[in-house]
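Q: The structure is given below, and queries will be raised subsequently.
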Amino acid sequence: MAITVYMVRHGQTMLNRYNRLQGWCDSPLTEKGIEDARLAGRHLADIKFDAAYHTNTMRTIRTSGFILKANHHTPNLKAAPLTYFKEQRFGYFEAADASQVWLIAGANHGTRTYNDILRDYSFAETRDFLHQADPFGDAESDAAYWQRLNAGIDYLRQNHTDGQKLLLVSHSLTTRSLVDHFAPELGAYNLGPKNGAVTKLEITATDVKVSYYNHYLDGEEY
């Protein structure tokens with residue numbers, strides 16, 4: 001069994017533009033974000049989707065709408081919500097300045113930036129350090145985060161059949177974490193996906209394979 005998932009990061013939002021953490025909170029697409037979504041739609045226009053999903057945020061709902069509207073085969077397909085693939089939850093730090101947040105999260109660990117934590121520790125520690133720093137304990141721990149993502153992968157396996165092609169509009173760290181976990185050689189550790197970028201996954205009964213990561217340029221494989 002192999003299910004193909006075209007995983008797209010939503011278009012740029014207001015909070016993206018201002019370098020603020022945006023996990024379970026939301027903000028509207030910017031003009032650039034609308035163009036990001038339309039560009040993804042043009043890149044995926046020839047893919048005949050069997051189903052489409054977005055998370056429960058307006059930024060992914062709107063992005064999926066632009067993508068499906070541009071599709072040559074399934075312009076009337078409606079995307080359904082699939083919350084397993086929401087962005088990482090930042091809890092108390094939602095919508096805060098990203099640079100300041102990672103300075104706080106790494107203060108007791110000898111780091112000053114998100115990239116410092118990645119370099120000296122791992123993706124898991126970026127989540128656990130933030131969870132530890134959250135005075136309300138609402139920022140998602142790495143264990144809770146992966147429990148959710150693994151449940152989402154299992155959901156797709158259980159609800160789709162061999163050969164089906166799915167659109168999944170999701171988020172930066174969710175895409176980046178999946179790619180780093182299943183295909184670390186592709187460099188998601190060092191570089192997050194662009195807004196509107198496409199990542200292609202092949203989900204089998206026992207594994208997840210990454211065909212490509214962070215494609216957003218005309219002329220790249222889609």
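Simple scheme: letters A, B, ... for chains in structure tokens order, numbers from 1 for residues in each chain, numbers from 1 for ligands in the order shown.
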What lies within 8 Å of A:Thr55 using only C-alpha atoms, ignoring chain neighbours under 4 positions off, as a ChimeraX atom specification?
A: /A:60-61,81-86,169-170
Q: What's around A:Arg38 at 10 Å? Count only C-alpha atoms, leave out sequence neighbours fewer than 3 positions away in its own chain, and write the answer as a ChimeraX atom specification.
A: /A:11,32-35,41-44,63-70,196
Q: Residues of stretch 17-85 of chain A within 9 Å of stretch 92-99 of chain A: nearest atom pair and distance (Å, one decimal) for each, counting only C-alpha atoms, sorted by chain and number, as CSV?
A:
```
residue,atom,partner,partner_atom,distance
A:Tyr18,CA,A:Asp97,CA,7.9
A:Asn19,CA,A:Ala98,CA,5.9
A:Arg20,CA,A:Asp97,CA,4.5
A:Leu21,CA,A:Ala95,CA,4.8
A:Gln22,CA,A:Ala95,CA,5.5
A:Gly23,CA,A:Glu94,CA,6.6
A:Trp24,CA,A:Glu94,CA,7.5
A:Cys25,CA,A:Glu94,CA,6.5
A:Asp26,CA,A:Ala95,CA,8.6
```
Q: At a cut-off of 12 Å, using only C-alpha atoms, what residues contact A:Leu186? Leave out same-chain residues fewer than 3 positions from it and give the result as a ChimeraX atom specification.
A: /A:176-183,189-193,199,209-215
Q: I'd like a table as a tab-separated table: residues in stretch 10-124 of chain A with an atom no more than 7 Å from stretch 151-167 of chain A, each row giving the shortest atom pair and its distance in Å to one decimal, only C-alpha atoms counted, sorted by chain and rising residue number.
A:
```
residue	atom	partner	partner_atom	distance
A:Phe49	CA	A:Lys165	CA	5.1
A:Asp50	CA	A:Lys165	CA	5.4
A:Ala51	CA	A:Leu166	CA	5.1
A:Ala52	CA	A:Leu167	CA	4.5
A:Tyr53	CA	A:Leu167	CA	6.0
A:Tyr84	CA	A:Gly152	CA	4.9
A:Phe85	CA	A:Gly152	CA	6.6
```
Q: From a backbone DSSP assignment, name each residue in chain A labelled alpha helix (DSSP H), as a ChimeraX atom specification.
A: /A:14-17,31-43,58-69,98-105,114-120,123-133,142-159,172-182
Q: Among the residues of stretch 7-186 of chain A, find those DSSP assigns to strand (DSSP E or B) from the backbone and print them as a PyMOL selection string.
A: chain A and resi 7-9+13+20+29+51-54+80-81+97+165-170
Q: Could those selected residues go to a file with all heavy atoms, as a short mmCIF file (atom, residue, chain, number, x, y, z; two decimals), in the first residue's frame?
A:
```cif
data_model
loop_
_atom_site.label_atom_id
_atom_site.label_comp_id
_atom_site.auth_asym_id
_atom_site.auth_seq_id
_atom_site.Cartn_x
_atom_site.Cartn_y
_atom_site.Cartn_z
N MET A 7 1.76 17.67 0.70
CA MET A 7 1.65 18.47 1.92
C MET A 7 2.12 19.89 1.62
O MET A 7 3.27 20.11 1.19
CB MET A 7 2.50 17.84 3.02
CG MET A 7 2.23 18.39 4.40
SD MET A 7 3.07 17.36 5.64
CE MET A 7 2.48 18.15 7.15
N VAL A 8 1.24 20.87 1.81
CA VAL A 8 1.52 22.26 1.44
C VAL A 8 1.51 23.13 2.69
O VAL A 8 0.58 23.05 3.51
CB VAL A 8 0.47 22.79 0.44
CG1 VAL A 8 0.78 24.23 0.04
CG2 VAL A 8 0.41 21.89 -0.80
N ARG A 9 2.53 23.95 2.82
CA ARG A 9 2.48 24.95 3.89
C ARG A 9 1.57 26.09 3.45
O ARG A 9 1.60 26.53 2.29
CB ARG A 9 3.88 25.51 4.19
CG ARG A 9 3.86 26.50 5.36
CD ARG A 9 5.18 27.23 5.56
NE ARG A 9 5.06 28.17 6.66
CZ ARG A 9 5.94 29.11 6.95
NH1 ARG A 9 7.04 29.24 6.20
NH2 ARG A 9 5.75 29.93 7.96
N THR A 13 1.07 34.66 6.44
CA THR A 13 0.06 35.35 7.25
C THR A 13 0.66 36.62 7.86
O THR A 13 1.87 36.85 7.80
CB THR A 13 -0.44 34.46 8.40
OG1 THR A 13 0.65 34.25 9.32
CG2 THR A 13 -0.96 33.13 7.88
N ARG A 20 6.30 36.33 14.35
CA ARG A 20 5.69 35.96 15.62
C ARG A 20 5.25 34.50 15.58
O ARG A 20 4.88 33.99 14.52
CB ARG A 20 4.50 36.88 15.92
CG ARG A 20 4.98 38.30 16.23
CD ARG A 20 3.85 39.24 16.59
NE ARG A 20 4.42 40.51 17.02
CZ ARG A 20 4.75 40.81 18.27
NH1 ARG A 20 4.57 39.92 19.24
NH2 ARG A 20 5.27 41.98 18.58
N LEU A 29 -4.30 35.66 5.91
CA LEU A 29 -3.30 35.67 4.85
C LEU A 29 -3.03 37.10 4.42
O LEU A 29 -3.93 37.93 4.33
CB LEU A 29 -3.79 34.88 3.63
CG LEU A 29 -4.03 33.38 3.78
CD1 LEU A 29 -4.46 32.80 2.43
CD2 LEU A 29 -2.80 32.66 4.30
N ALA A 51 -8.86 13.14 -2.30
CA ALA A 51 -9.40 13.81 -1.11
C ALA A 51 -8.48 14.97 -0.76
O ALA A 51 -7.32 15.01 -1.20
CB ALA A 51 -9.51 12.84 0.06
N ALA A 52 -9.00 15.89 0.02
CA ALA A 52 -8.22 17.06 0.42
C ALA A 52 -8.51 17.39 1.88
O ALA A 52 -9.65 17.24 2.35
CB ALA A 52 -8.55 18.26 -0.46
N TYR A 53 -7.47 17.84 2.57
CA TYR A 53 -7.59 18.18 3.99
C TYR A 53 -6.89 19.50 4.29
O TYR A 53 -5.91 19.88 3.63
CB TYR A 53 -6.94 17.10 4.86
CG TYR A 53 -7.59 15.73 4.76
CD1 TYR A 53 -7.01 14.72 4.01
CD2 TYR A 53 -8.78 15.46 5.43
CE1 TYR A 53 -7.59 13.46 3.93
CE2 TYR A 53 -9.37 14.21 5.36
CZ TYR A 53 -8.78 13.21 4.61
OH TYR A 53 -9.36 11.98 4.52
N HIS A 54 -7.40 20.18 5.31
CA HIS A 54 -6.73 21.33 5.90
C HIS A 54 -6.82 21.16 7.41
O HIS A 54 -7.57 20.30 7.91
CB HIS A 54 -7.36 22.65 5.45
CG HIS A 54 -8.85 22.71 5.66
ND1 HIS A 54 -9.44 22.70 6.92
CD2 HIS A 54 -9.88 22.77 4.77
CE1 HIS A 54 -10.76 22.77 6.80
NE2 HIS A 54 -11.06 22.80 5.52
N ALA A 80 -11.62 18.83 3.81
CA ALA A 80 -12.19 18.56 5.14
C ALA A 80 -11.17 18.86 6.22
O ALA A 80 -9.96 18.77 5.98
CB ALA A 80 -12.61 17.09 5.22
N PRO A 81 -11.61 19.22 7.42
CA PRO A 81 -10.66 19.49 8.50
C PRO A 81 -10.02 18.21 9.03
O PRO A 81 -10.68 17.19 9.16
CB PRO A 81 -11.52 20.16 9.58
CG PRO A 81 -12.91 19.69 9.30
CD PRO A 81 -13.00 19.50 7.82
N ASP A 97 6.83 37.51 19.94
CA ASP A 97 7.99 37.65 19.06
C ASP A 97 8.87 36.40 19.15
O ASP A 97 9.30 36.01 20.24
CB ASP A 97 8.80 38.89 19.47
CG ASP A 97 10.02 39.07 18.59
OD1 ASP A 97 9.91 39.71 17.54
OD2 ASP A 97 11.11 38.56 18.97
N LYS A 165 -4.35 9.84 -4.00
CA LYS A 165 -3.56 11.06 -3.89
C LYS A 165 -4.33 12.08 -3.06
O LYS A 165 -5.50 12.36 -3.35
CB LYS A 165 -3.26 11.62 -5.28
CG LYS A 165 -2.40 10.69 -6.14
CD LYS A 165 -2.14 11.28 -7.51
CE LYS A 165 -1.28 10.34 -8.35
NZ LYS A 165 -1.01 10.89 -9.71
N LEU A 166 -3.67 12.60 -2.05
CA LEU A 166 -4.32 13.50 -1.11
C LEU A 166 -3.62 14.86 -1.07
O LEU A 166 -2.39 14.95 -1.17
CB LEU A 166 -4.28 12.92 0.31
CG LEU A 166 -4.64 11.44 0.49
CD1 LEU A 166 -4.52 11.06 1.95
CD2 LEU A 166 -6.03 11.15 -0.05
N LEU A 167 -4.41 15.91 -0.92
CA LEU A 167 -3.88 17.23 -0.61
C LEU A 167 -4.01 17.44 0.90
O LEU A 167 -5.07 17.19 1.48
CB LEU A 167 -4.67 18.31 -1.34
CG LEU A 167 -4.35 19.76 -0.94
CD1 LEU A 167 -2.94 20.15 -1.36
CD2 LEU A 167 -5.39 20.73 -1.55
N LEU A 168 -2.94 17.90 1.53
CA LEU A 168 -2.96 18.21 2.96
C LEU A 168 -2.30 19.57 3.17
O LEU A 168 -1.09 19.71 3.00
CB LEU A 168 -2.21 17.14 3.75
CG LEU A 168 -1.97 17.42 5.24
CD1 LEU A 168 -3.29 17.61 5.98
CD2 LEU A 168 -1.15 16.31 5.89
N VAL A 169 -3.10 20.58 3.50
CA VAL A 169 -2.56 21.91 3.76
C VAL A 169 -2.30 22.03 5.26
O VAL A 169 -3.21 21.92 6.08
CB VAL A 169 -3.50 23.02 3.27
CG1 VAL A 169 -2.88 24.40 3.54
CG2 VAL A 169 -3.79 22.85 1.77
N SER A 170 -1.04 22.24 5.60
CA SER A 170 -0.62 22.20 6.99
C SER A 170 0.31 23.38 7.28
O SER A 170 0.09 24.48 6.78
CB SER A 170 0.04 20.85 7.28
OG SER A 170 0.36 20.71 8.64
#
```
Q: Skipping near chain neighbours, those fewer than 5 positions away, what residues fall within 9 Å of A:His73 using only C-alpha atoms, listed as a PDB file with N, CA and C atoms, in the first residue's frame?
A:
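This is the output file result_31.pdb:
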```
ATOM      1  N   ALA A  45      -1.876  21.892 -10.203  1.00  0.00           N
ATOM      2  CA  ALA A  45      -3.096  21.942 -11.009  1.00  0.00           C
ATOM      3  C   ALA A  45      -3.377  20.646 -11.757  1.00  0.00           C
ATOM      4  N   ASP A  46      -2.345  19.884 -12.075  1.00  0.00           N
ATOM      5  CA  ASP A  46      -2.533  18.663 -12.865  1.00  0.00           C
ATOM      6  C   ASP A  46      -2.617  17.395 -12.010  1.00  0.00           C
ATOM      7  N   ILE A  47      -2.603  17.536 -10.688  1.00  0.00           N
ATOM      8  CA  ILE A  47      -2.732  16.381  -9.800  1.00  0.00           C
ATOM      9  C   ILE A  47      -4.215  16.105  -9.539  1.00  0.00           C
ATOM     10  N   LYS A  48      -4.660  14.899  -9.815  1.00  0.00           N
ATOM     11  CA  LYS A  48      -6.047  14.530  -9.560  1.00  0.00           C
ATOM     12  C   LYS A  48      -6.158  13.990  -8.134  1.00  0.00           C
ATOM     13  N   PHE A  49      -6.660  14.827  -7.247  1.00  0.00           N
ATOM     14  CA  PHE A  49      -6.756  14.461  -5.834  1.00  0.00           C
ATOM     15  C   PHE A  49      -7.985  13.592  -5.577  1.00  0.00           C
TER      16      PHE A  49
END
```
Q: Could you please determine the separation between atom CA of A:Leu201 and atom CA of A:Tyr222 in Å, to one decimal place?
A: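 Here the two named atoms are 11.4 Å from each other.
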Q: What gap, in Å, lies between atom CA of A:Gly106 and atom CA of A:Ser122?
A: 12.2 Å
